[in-house]
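The next block is my_file_0.pdb, given as PDB, C-alpha atoms and all ligand atoms.
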MODEL        1
ATOM      1  CA  MET A1380     -96.972-104.232 175.094
ATOM      2  CA  SER A1381     -95.357-103.896 171.698
ATOM      3  CA  LEU A1382     -93.557-106.793 170.042
ATOM      4  CA  ARG A1383     -89.772-106.771 169.782
ATOM      5  CA  HIS A1384     -88.508-105.116 166.596
ATOM      6  CA  VAL A1385     -86.831-107.655 164.326
ATOM      7  CA  ASP A1386     -84.737-106.567 161.384
ATOM      8  CA  GLU A1387     -86.388-108.058 158.258
ATOM      9  CA  THR A1388     -83.100-109.382 156.947
ATOM     10  CA  ARG A1389     -82.640-111.399 160.135
ATOM     11  CA  VAL A1390     -86.026-113.009 159.500
ATOM     12  CA  THR A1391     -84.774-113.934 156.039
ATOM     13  CA  ARG A1392     -81.625-115.470 157.510
ATOM     14  CA  PHE A1393     -83.580-117.419 160.173
ATOM     15  CA  ILE A1394     -85.809-118.932 157.529
ATOM     16  CA  VAL A1395     -83.161-119.753 154.944
ATOM     17  CA  ARG A1396     -80.706-121.170 157.503
ATOM     18  CA  SER A1397     -83.312-123.370 159.152
ATOM     19  CA  PHE A1398     -84.571-124.614 155.768
ATOM     20  CA  ALA A1399     -81.044-125.303 154.522
ATOM     21  CA  GLU A1400     -79.983-127.212 157.648
ATOM     22  CA  ASP A1401     -83.038-129.447 157.608
ATOM     23  CA  PHE A1402     -83.056-129.978 153.864
ATOM     24  CA  ILE A1403     -79.361-130.893 153.778
ATOM     25  CA  ALA A1404     -80.053-133.435 156.533
ATOM     26  CA  ASP A1405     -82.698-134.952 154.262
ATOM     27  CA  THR A1406     -80.477-135.348 151.213
ATOM     28  CA  ARG A1407     -79.546-138.878 152.335
ATOM     29  CA  LEU A1408     -82.682-140.625 153.494
ATOM     30  CA  ASP A1409     -83.537-144.097 154.576
ATOM     31  CA  VAL A1410     -87.027-143.639 153.158
ATOM     32  CA  ALA A1411     -88.511-141.000 150.867
ATOM     33  CA  VAL A1412     -92.298-141.068 151.115
ATOM     34  CA  VAL A1413     -94.008-139.465 148.136
ATOM     35  CA  GLY A1414     -97.460-138.111 149.004
ATOM     36  CA  ALA A1415     -98.906-136.957 152.331
ATOM     37  CA  GLY A1416    -102.285-138.709 152.241
ATOM     38  CA  PRO A1417    -103.379-141.255 154.868
ATOM     39  CA  SER A1418    -101.098-144.041 153.654
ATOM     40  CA  GLY A1419     -98.005-141.828 153.305
ATOM     41  CA  LEU A1420     -98.439-140.091 156.662
ATOM     42  CA  THR A1421     -98.974-143.415 158.439
ATOM     43  CA  ALA A1422     -95.934-145.036 156.827
ATOM     44  CA  ALA A1423     -93.787-141.991 157.604
ATOM     45  CA  ARG A1424     -94.898-141.859 161.236
ATOM     46  CA  LEU A1425     -94.219-145.540 161.890
ATOM     47  CA  LEU A1426     -90.824-145.537 160.153
ATOM     48  CA  ALA A1427     -89.696-142.356 161.902
ATOM     49  CA  ALA A1428     -90.828-143.800 165.241
ATOM     50  CA  ALA A1429     -88.681-146.865 164.482
ATOM     51  CA  GLY A1430     -85.662-144.568 164.112
ATOM     52  CA  TYR A1431     -85.346-144.271 160.336
ATOM     53  CA  GLN A1432     -84.517-141.009 158.561
ATOM     54  CA  VAL A1433     -87.761-140.272 156.734
ATOM     55  CA  ALA A1434     -89.048-137.356 154.698
ATOM     56  CA  VAL A1435     -92.415-136.902 153.022
ATOM     57  CA  PHE A1436     -92.568-134.933 149.767
ATOM     58  CA  GLU A1437     -95.965-133.447 148.997
ATOM     59  CA  ARG A1438     -96.732-131.449 145.861
ATOM     60  CA  ASN A1439     -99.558-129.427 147.411
ATOM     61  CA  LEU A1440     -99.101-126.677 149.986
ATOM     62  CA  HIS A1441    -101.302-128.746 152.283
ATOM     63  CA  VAL A1442    -101.000-132.286 153.608
ATOM     64  CA  GLY A1443    -103.798-134.829 153.906
ATOM     65  CA  GLY A1444    -104.383-135.862 150.294
ATOM     66  CA  GLY A1445    -107.943-137.015 149.740
ATOM     67  CA  MET A1446    -108.894-136.970 153.429
ATOM     68  CA  TRP A1447    -109.922-133.304 153.792
ATOM     69  CA  GLY A1448    -112.985-133.491 151.592
ATOM     70  CA  GLY A1449    -114.374-136.598 153.316
ATOM     71  CA  GLY A1450    -117.172-138.098 151.250
ATOM     72  CA  MET A1451    -118.369-135.657 148.581
ATOM     73  CA  LEU A1452    -117.235-132.649 150.675
ATOM     74  CA  PHE A1453    -118.986-133.845 153.847
ATOM     75  CA  PRO A1454    -115.909-133.666 156.107
ATOM     76  CA  ARG A1455    -116.196-137.118 157.639
ATOM     77  CA  ILE A1456    -114.378-140.326 156.805
ATOM     78  CA  VAL A1457    -115.248-143.880 157.723
ATOM     79  CA  ILE A1458    -112.742-146.345 159.154
ATOM     80  CA  GLN A1459    -113.296-149.983 160.016
ATOM     81  CA  ASP A1460    -112.503-151.749 163.311
ATOM     82  CA  GLU A1461    -109.375-153.384 161.895
ATOM     83  CA  ALA A1462    -107.713-150.033 161.177
ATOM     84  CA  ILE A1463    -109.145-147.775 163.860
ATOM     85  CA  HIS A1464    -106.133-148.223 166.186
ATOM     86  CA  LEU A1465    -103.989-146.341 163.637
ATOM     87  CA  VAL A1466    -105.979-143.137 164.105
ATOM     88  CA  LYS A1467    -106.757-143.656 167.796
ATOM     89  CA  GLU A1468    -103.036-143.897 168.549
ATOM     90  CA  VAL A1469    -102.514-140.389 167.138
ATOM     91  CA  GLY A1470    -105.356-139.017 169.275
ATOM     92  CA  VAL A1471    -108.183-138.769 166.749
ATOM     93  CA  ASN A1472    -111.630-138.822 168.368
ATOM     94  CA  VAL A1473    -113.734-141.639 167.043
ATOM     95  CA  GLN A1474    -117.520-141.962 166.816
ATOM     96  CA  PRO A1475    -118.585-145.589 166.644
ATOM     97  CA  ALA A1476    -121.179-146.231 163.941
ATOM     98  CA  ASP A1477    -122.499-149.762 163.616
ATOM     99  CA  GLU A1478    -121.312-153.013 162.027
ATOM    100  CA  GLY A1479    -117.665-152.383 162.887
ATOM    101  CA  TYR A1480    -117.473-148.931 161.313
ATOM    102  CA  HIS A1481    -116.319-145.690 162.925
ATOM    103  CA  VAL A1482    -116.696-142.087 161.781
ATOM    104  CA  VAL A1483    -113.996-139.462 162.223
ATOM    105  CA  ASP A1484    -113.804-135.761 161.444
ATOM    106  CA  SER A1485    -111.579-135.494 158.372
ATOM    107  CA  VAL A1486    -110.029-132.155 159.386
ATOM    108  CA  GLU A1487    -109.089-133.509 162.807
ATOM    109  CA  CYS A1488    -107.785-136.703 161.243
ATOM    110  CA  VAL A1489    -105.515-134.905 158.758
ATOM    111  CA  SER A1490    -104.169-132.555 161.429
ATOM    112  CA  LYS A1491    -103.400-135.248 163.969
ATOM    113  CA  CYS A1492    -101.909-137.715 161.466
ATOM    114  CA  ALA A1493     -99.572-135.003 160.168
ATOM    115  CA  ALA A1494     -98.636-133.753 163.645
ATOM    116  CA  ALA A1495     -97.919-137.301 164.815
ATOM    117  CA  ALA A1496     -95.666-137.974 161.827
ATOM    118  CA  VAL A1497     -93.680-134.812 162.559
ATOM    119  CA  ASP A1498     -93.538-135.584 166.295
ATOM    120  CA  ALA A1499     -92.183-139.041 165.477
ATOM    121  CA  GLY A1500     -89.323-137.387 163.565
ATOM    122  CA  ALA A1501     -90.451-137.349 159.931
ATOM    123  CA  ARG A1502     -90.056-134.085 158.061
ATOM    124  CA  ILE A1503     -92.770-133.048 155.640
ATOM    125  CA  TRP A1504     -91.758-130.925 152.651
ATOM    126  CA  ILE A1505     -94.673-129.193 150.978
ATOM    127  CA  GLY A1506     -94.918-127.633 147.545
ATOM    128  CA  MET A1507     -92.321-130.103 146.246
ATOM    129  CA  VAL A1508     -93.178-132.467 143.457
ATOM    130  CA  VAL A1509     -91.317-135.696 142.779
ATOM    131  CA  GLU A1510     -90.916-135.333 139.042
ATOM    132  CA  ASP A1511     -88.526-138.234 138.501
ATOM    133  CA  VAL A1512     -86.516-140.906 140.313
ATOM    134  CA  MET A1513     -82.785-141.607 140.489
ATOM    135  CA  ILE A1514     -81.753-145.063 139.346
ATOM    136  CA  ASP A1515     -78.500-146.955 139.865
ATOM    137  CA  GLN A1516     -76.558-149.187 137.465
ATOM    138  CA  GLN A1517     -79.010-152.050 138.025
ATOM    139  CA  ASP A1518     -82.029-149.783 137.340
ATOM    140  CA  ARG A1519     -82.907-149.916 141.049
ATOM    141  CA  VAL A1520     -84.482-146.700 142.334
ATOM    142  CA  CYS A1521     -82.099-145.005 144.745
ATOM    143  CA  GLY A1522     -83.637-141.569 145.261
ATOM    144  CA  VAL A1523     -86.127-138.970 144.117
ATOM    145  CA  VAL A1524     -85.809-135.946 141.857
ATOM    146  CA  LEU A1525     -87.541-132.835 143.158
ATOM    147  CA  ASN A1526     -88.792-129.561 141.870
ATOM    148  CA  TRP A1527     -91.203-126.935 143.117
ATOM    149  CA  GLU A1528     -94.798-127.617 142.165
ATOM    150  CA  ALA A1529     -95.045-123.924 141.247
ATOM    151  CA  VAL A1530     -92.196-124.343 138.755
ATOM    152  CA  GLN A1531     -93.895-127.340 137.201
ATOM    153  CA  ARG A1532     -97.224-125.526 136.949
ATOM    154  CA  ALA A1533     -95.619-122.490 135.351
ATOM    155  CA  GLN A1534     -93.746-124.802 132.960
ATOM    156  CA  LEU A1535     -90.520-122.969 133.685
ATOM    157  CA  HIS A1536     -87.307-124.525 132.495
ATOM    158  CA  VAL A1537     -85.686-125.074 135.898
ATOM    159  CA  ASP A1538     -83.499-128.064 136.588
ATOM    160  CA  PRO A1539     -84.477-130.195 139.567
ATOM    161  CA  LEU A1540     -82.446-131.358 142.589
ATOM    162  CA  ALA A1541     -82.142-134.927 143.836
ATOM    163  CA  VAL A1542     -82.003-136.630 147.224
ATOM    164  CA  SER A1543     -80.966-140.221 147.794
ATOM    165  CA  ALA A1544     -83.133-142.775 149.564
ATOM    166  CA  ARG A1545     -82.543-146.429 150.386
ATOM    167  CA  LEU A1546     -86.233-146.971 149.667
ATOM    168  CA  VAL A1547     -89.013-144.917 148.112
ATOM    169  CA  ILE A1548     -92.664-145.324 149.068
ATOM    170  CA  ASP A1549     -95.068-144.333 146.300
ATOM    171  CA  ALA A1550     -98.090-143.065 148.270
ATOM    172  CA  THR A1551     -99.289-140.745 145.515
ATOM    173  CA  GLY A1552    -102.884-142.004 145.448
ATOM    174  CA  HIS A1553    -104.954-142.654 142.359
ATOM    175  CA  ASP A1554    -102.252-141.584 139.896
ATOM    176  CA  ALA A1555     -99.454-143.897 141.163
ATOM    177  CA  ASP A1556     -97.297-141.065 139.933
ATOM    178  CA  VAL A1557     -93.856-142.414 140.857
ATOM    179  CA  LEU A1558     -94.532-145.766 139.198
ATOM    180  CA  ARG A1559     -95.993-144.064 136.136
ATOM    181  CA  THR A1560     -92.820-142.003 135.860
ATOM    182  CA  ILE A1561     -90.675-145.145 135.987
ATOM    183  CA  GLU A1562     -92.914-146.807 133.388
ATOM    184  CA  ARG A1563     -92.453-143.811 131.110
ATOM    185  CA  LYS A1564     -88.743-143.344 131.592
ATOM    186  CA  VAL A1565     -87.065-146.675 132.294
ATOM    187  CA  ALA A1566     -86.959-148.658 129.071
ATOM    188  CA  GLY A1567     -88.407-152.147 129.525
ATOM    189  CA  ALA A1568     -89.357-151.577 133.176
ATOM    190  CA  GLN A1569     -91.258-154.568 134.586
ATOM    191  CA  PHE A1570     -93.421-154.272 137.697
ATOM    192  CA  ASP A1571     -94.703-156.863 140.148
ATOM    193  CA  THR A1572     -98.314-156.465 138.949
ATOM    194  CA  PRO A1573    -100.643-158.858 137.101
ATOM    195  CA  THR A1574     -99.539-157.539 133.692
ATOM    196  CA  GLY A1575     -96.016-156.447 134.525
ATOM    197  CA  GLN A1576     -97.142-152.865 133.816
ATOM    198  CA  ILE A1577     -99.039-150.210 135.777
ATOM    199  CA  VAL A1578    -102.613-151.190 135.102
ATOM    200  CA  GLY A1579    -104.647-148.255 136.515
ATOM    201  CA  GLU A1580    -107.485-148.431 139.034
ATOM    202  CA  SER A1581    -110.870-149.875 138.162
ATOM    203  CA  SER A1582    -114.352-148.648 139.136
ATOM    204  CA  MET A1583    -115.559-148.562 142.709
ATOM    205  CA  ASN A1584    -116.004-151.808 144.597
ATOM    206  CA  ALA A1585    -115.077-150.960 148.151
ATOM    207  CA  THR A1586    -115.264-154.485 149.548
ATOM    208  CA  GLU A1587    -112.933-155.910 146.942
ATOM    209  CA  ALA A1588    -110.685-152.838 147.028
ATOM    210  CA  GLU A1589    -110.164-153.034 150.764
ATOM    211  CA  GLY A1590    -109.841-156.802 150.698
ATOM    212  CA  HIS A1591    -106.743-156.635 148.512
ATOM    213  CA  ILE A1592    -105.007-153.403 149.384
ATOM    214  CA  VAL A1593    -102.739-154.792 152.110
ATOM    215  CA  GLU A1594    -101.478-157.665 149.964
ATOM    216  CA  LEU A1595    -101.001-155.262 147.027
ATOM    217  CA  THR A1596     -98.813-153.068 149.247
ATOM    218  CA  LYS A1597     -95.380-154.351 148.261
ATOM    219  CA  GLU A1598     -92.159-153.604 146.470
ATOM    220  CA  VAL A1599     -93.485-153.506 142.904
ATOM    221  CA  TYR A1600     -90.297-152.173 141.385
ATOM    222  CA  PRO A1601     -86.758-152.505 142.826
ATOM    223  CA  GLY A1602     -86.454-149.820 145.500
ATOM    224  CA  VAL A1603     -90.113-148.735 145.370
ATOM    225  CA  ILE A1604     -92.843-149.924 147.741
ATOM    226  CA  VAL A1605     -96.319-148.872 146.681
ATOM    227  CA  ALA A1606     -98.928-147.923 149.307
ATOM    228  CA  GLY A1607    -102.506-146.697 149.555
ATOM    229  CA  MET A1608    -104.646-146.126 146.505
ATOM    230  CA  ALA A1609    -101.510-146.266 144.350
ATOM    231  CA  ALA A1610    -101.202-149.963 145.286
ATOM    232  CA  ASN A1611    -104.647-150.669 143.889
ATOM    233  CA  ALA A1612    -104.024-148.468 140.860
ATOM    234  CA  ALA A1613    -100.769-150.287 140.081
ATOM    235  CA  ALA A1614    -102.503-153.659 140.086
ATOM    236  CA  GLY A1615    -105.763-152.638 138.374
ATOM    237  CA  ALA A1616    -107.799-153.143 141.575
ATOM    238  CA  PRO A1617    -110.908-151.042 142.305
ATOM    239  CA  ARG A1618    -111.220-147.696 144.103
ATOM    240  CA  MET A1619    -113.083-147.438 147.379
ATOM    241  CA  GLY A1620    -114.393-143.928 148.120
ATOM    242  CA  ALA A1621    -114.589-142.431 151.625
ATOM    243  CA  ARG A1622    -114.076-145.723 153.487
ATOM    244  CA  VAL A1623    -110.401-145.278 154.189
ATOM    245  CA  GLY A1624    -109.360-147.905 156.746
ATOM    246  CA  GLY A1625    -107.476-149.730 154.003
ATOM    247  CA  MET A1626    -105.278-146.670 153.409
ATOM    248  CA  PHE A1627    -104.085-146.659 157.009
ATOM    249  CA  LEU A1628    -103.478-150.416 157.011
ATOM    250  CA  SER A1629    -101.595-150.123 153.745
ATOM    251  CA  GLY A1630     -99.379-147.381 155.223
ATOM    252  CA  GLN A1631     -98.669-149.640 158.180
ATOM    253  CA  ARG A1632     -97.805-152.547 155.860
ATOM    254  CA  ALA A1633     -95.494-150.341 153.768
ATOM    255  CA  ALA A1634     -93.665-149.293 156.937
ATOM    256  CA  GLN A1635     -93.292-152.938 158.029
ATOM    257  CA  LEU A1636     -91.915-154.007 154.646
ATOM    258  CA  ALA A1637     -89.524-151.061 154.510
ATOM    259  CA  ALA A1638     -88.241-151.702 158.045
ATOM    260  CA  GLU A1639     -87.698-155.401 157.283
ATOM    261  CA  GLN A1640     -85.746-154.559 154.153
ATOM    262  CA  LEU A1641     -83.663-151.796 155.734
ATOM    263  CA  ALA A1642     -82.810-154.025 158.676
ATOM    264  CA  VAL A1643     -81.132-156.622 156.451
ATOM    265  CA  GLU A1644     -79.290-154.228 154.097
TER
HETATM  266  O1  LIG B   1    -104.701-139.407 147.352
HETATM  267  P1  LIG B   1    -104.084-139.523 148.690
HETATM  268  O2  LIG B   1    -104.895-139.181 149.869
HETATM  269  O3  LIG B   1    -103.453-141.008 148.782
HETATM  270  P2  LIG B   1    -103.742-142.296 149.682
HETATM  271  O4  LIG B   1    -102.905-142.266 150.893
HETATM  272  O5  LIG B   1    -105.264-142.154 150.143
HETATM  273  C1  LIG B   1    -106.313-142.141 149.225
HETATM  274  C2  LIG B   1    -107.532-141.528 149.925
HETATM  275  O6  LIG B   1    -107.240-140.244 150.396
HETATM  276  C3  LIG B   1    -108.751-141.421 149.016
HETATM  277  C4  LIG B   1    -109.273-142.733 148.616
HETATM  278  C5  LIG B   1    -109.890-143.584 149.657
HETATM  279  O7  LIG B   1    -110.719-144.479 149.033
HETATM  280  O8  LIG B   1    -109.193-143.091 147.499
HETATM  281  O9  LIG B   1    -108.411-140.645 147.872
HETATM  282  O10 LIG B   1    -103.619-143.428 148.754
HETATM  283  O11 LIG B   1    -102.754-138.635 148.766
HETATM  284  C6  LIG B   1    -101.786-138.687 147.751
HETATM  285  C7  LIG B   1    -100.948-137.437 147.863
HETATM  286  O12 LIG B   1     -99.840-137.542 146.992
HETATM  287  C8  LIG B   1     -99.578-136.257 146.431
HETATM  288  C9  LIG B   1    -100.954-135.661 146.226
HETATM  289  O13 LIG B   1    -100.894-134.243 146.141
HETATM  290  C10 LIG B   1    -101.699-136.163 147.464
HETATM  291  O14 LIG B   1    -101.639-135.232 148.533
HETATM  292  N1  LIG B   1     -98.806-136.456 145.197
HETATM  293  C11 LIG B   1     -99.233-137.054 144.056
HETATM  294  N2  LIG B   1     -98.235-137.097 143.154
HETATM  295  C12 LIG B   1     -97.156-136.512 143.727
HETATM  296  C13 LIG B   1     -97.514-136.089 145.037
HETATM  297  C14 LIG B   1     -95.821-136.241 143.302
HETATM  298  N3  LIG B   1     -95.381-136.626 142.095
HETATM  299  N4  LIG B   1     -94.970-135.602 144.144
HETATM  300  C15 LIG B   1     -95.396-135.218 145.382
HETATM  301  N5  LIG B   1     -96.659-135.440 145.846
ENDMDL
END
Translate this file's structure into structure tokens.
Amino acid sequence: MSLRHVDETRVTRFIVRSFAEDFIADTRLDVAVVGAGPSGLTAARLLAAAGYQVAVFERNLHVGGGMWGGGMLFPRIVIQDEAIHLVKEVGVNVQPADEGYHVVDSVECVSKCAAAAVDAGARIWIGMVVEDVMIDQQDRVCGVVLNWEAVQRAQLHVDPLAVSARLVIDATGHDADVLRTIERKVAGAQFDTPTGQIVGESSMNATEAEGHIVELTKEVYPGVIVAGMAANAAAGAPRMGARVGGMFLSGQRAAQLAAEQLAVE
């Protein structure tokens, strides 16, 4: 059996029309999640499931952030008892280790976390970098400024486009890229961190890192909740390696805080 002949220009129209319809729908968001690692995908899934209009912007062509490579390219990640429900509820198979730890296949974990976020109603835009934020008259962040990662890499002079968001979640990992951009661009910006500035992560101490990550997940700048490794980086807390339960719990906390704030606005 041969496949139906499709005029190539119709394929072009299908793709552009579908992209345009969905992207226009995402120009006024409740929550813009920046970064599709474990914390961003978890926050997006939970907020979309609660009925909020959520989009995730990811600079790479792939989702999953630091999860794919597991620990030093061994494609396994370790999650503690306290967080394991957040991967079990998206269907990830779990191998119990001992002392309250579980091992999961990182490829399976990325795939199922991303699929569950999309199934819940979040859209994930890949290849798009958040290169700036929009701010209102009170210097509150009210949206994100987007460009293609390919444009940024090629250093082409191409103006970006912006989408509005009632809240932004910075889930950009070690770089805390959204907060760093605000620090660079908003004169006198003060953050809810120990120094009032973005401190940068400190060397590995997994126990301390995981102990603080949920409380460090908060609105550190008006309109921006920080989640995942970016939360530790903002506050100067340590990194934690391939033990990633804290990332999932932080994503859950970011979703809770965002929902509480959106509910009262
Ligand atoms: O780094 P990442 O996985 O963040 P996370 O959710 O989880 C961290 C763990 O994976 C691991 C770890 C555990 O101990 O430390 O690293 O905190 O995912 C962050 C994602 O954000 C994207 C980046 O490509 C990655 O996929 N990202 C970073 N900056 C931008 C961005 C940006 N400006 N615009 C769009 N995406």
(request) Please provide as a list in words all residues within 10 Å of stretch 1468-1483 of chain A, with the sequence filter that same-chain residues fewer than 6 positions apart are discarded (counting only C-alpha atoms). (result)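 Counting only the stated atoms, we get Thr1421, Arg1424, Gly1449, Pro1454, Arg1455, Ile1456, Val1457, Ile1458, Gln1459, Asp1460, Glu1461, Ala1462, Val1489, Ser1490, Lys1491, Cys1492, Ala1493, Ala1494, Ala1495, Ala1496, Arg1622 and Gly1624 of chain A.
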(request) Name the residues within 12 Å of (-86.4, -151.8, 133.4), counting only C-alpha atoms in the file's coordinates, and put them as a PyMOL selection string. (result) chain A and resi 1514-1520+1558+1560-1571+1575-1576+1599-1601
(request) Could you please extract the residues within 6 Å of ligand LIG 1 (chain B), counting all atoms listed in the file, and hand them back as a count of residues only? (result) 34
Kindly provide, as JSON, the centre and edge lengths (Å, one decimal) of an axis-aligned box around all atoms of stretch 1531-1546 of chain A given in the file, with 5 Å on each side.
{"center_x": -89.1, "center_y": -134.7, "center_z": 141.4, "size_x": 26.3, "size_y": 34.5, "size_z": 27.9}
(request) Go ahead and compute the interatomic distance for atom CA of A:Tyr1431 and atom CA of A:Leu1595, in Å to one decimal. (result) 23.3 Å
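For the atom pair formed by atom CA of A:Ala1423 and atom CA of A:Leu1465, the distance is 12.6 Å, given to one decimal.
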(request) May I have the protein, DNA and RNA residues with an atom at most 12 Å from (-106.7, -149.4, 133.4), counting only C-alpha atoms in the file's coordinates, returned as a PyMOL selection string? (result) chain A and resi 1553-1555+1573-1574+1576-1582+1611-1618
(request) Using the chain letters and numbering of this document, enumerate as an MDAnalysis selection string the residues selected by the PyMOL selection byres (((chain A and resi 1631) around 9) and not hetatm). (result) chainID A and resid 1418 1421:1422 1425 1465 1593 1626:1630 1632:1636
(request) Would you work out the distance separating atom CA of A:Leu1452 from atom CA of A:Glu1487, expressed in Å to one decimal? (result) 14.6 Å
(message) Let me make sure I understand: among A:Asp1484, A:Gln1640, A:Ala1499, A:Phe1453, which one has the smallest atom-to-atom distance to A:Gln1432 if we use all atoms listed in the file?
(response)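 Comparing A:Asp1484, A:Gln1640, A:Ala1499, A:Phe1453 against A:Gln1432, the winner is A:Ala1499.
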(message) Using all atoms listed in the file, can you tell me which of A:Gly1448, A:Arg1545, A:Val1512, A:Lys1467 comes closest to A:Ser1485?
(response)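 Distance minimum relative to A:Ser1485 lands on A:Gly1448.
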(request) Translate the PyMOL selection byres (((chain A and resi 1541) around 6) and not hetatm), as applied to the file shown, into an explicit residue set as a VMD selection string. (result) chain A and resid 1523 to 1525 1540 1542
Generate the output file for the selected residues, C-alpha atoms, as a CSV table (one decimal), in the frame of the given file.
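Now in result_29.csv:
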chain,number,residue,atom,x,y,z
A,1523,VAL,CA,-86.1,-139.0,144.1
A,1524,VAL,CA,-85.8,-135.9,141.9
A,1525,LEU,CA,-87.5,-132.8,143.2
A,1540,LEU,CA,-82.4,-131.4,142.6
A,1542,VAL,CA,-82.0,-136.6,147.2
(request) Compare A:Val1412, A:Leu1535, A:Leu1382, A:Leu1546 by their minimum atom-to-atom distance to A:Ala1638, counting only C-alpha atoms, and give me the closest one. (result)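 Of the candidates, the smallest distance to A:Ala1638 is held by A:Leu1546.
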(message) Residues near A:Ala1610, anyone? I mean within 6 Å using all atoms listed in the file, not counting same-chain ones fewer than 4 positions away, as a ChimeraX atom specification.
(response) /A:1595-1596,1605-1606
(message) My list of candidates is A:Leu1426, A:Leu1420, A:Val1603, A:Ile1503. Which is closest to A:Ala1642 when distances are computed with only C-alpha atoms?
(response)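 Distance minimum relative to A:Ala1642 lands on A:Leu1426.
Once the PyMOL selection byres (((chain A and resi 1506) around 6) and not hetatm) is applied to the depicted file, the selected set reads Arg1438, Asn1439, Leu1440, Ile1505, Met1507, Trp1527 and Glu1528 of chain A.
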(message) Given all atoms listed in the file as the basis, pick out the residue of A:Val1547, A:Arg1559, A:Val1537, A:Gly1625 nearest to A:His1591.
(response)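 Answer, going by the shortest atom-to-atom distance: A:Gly1625.
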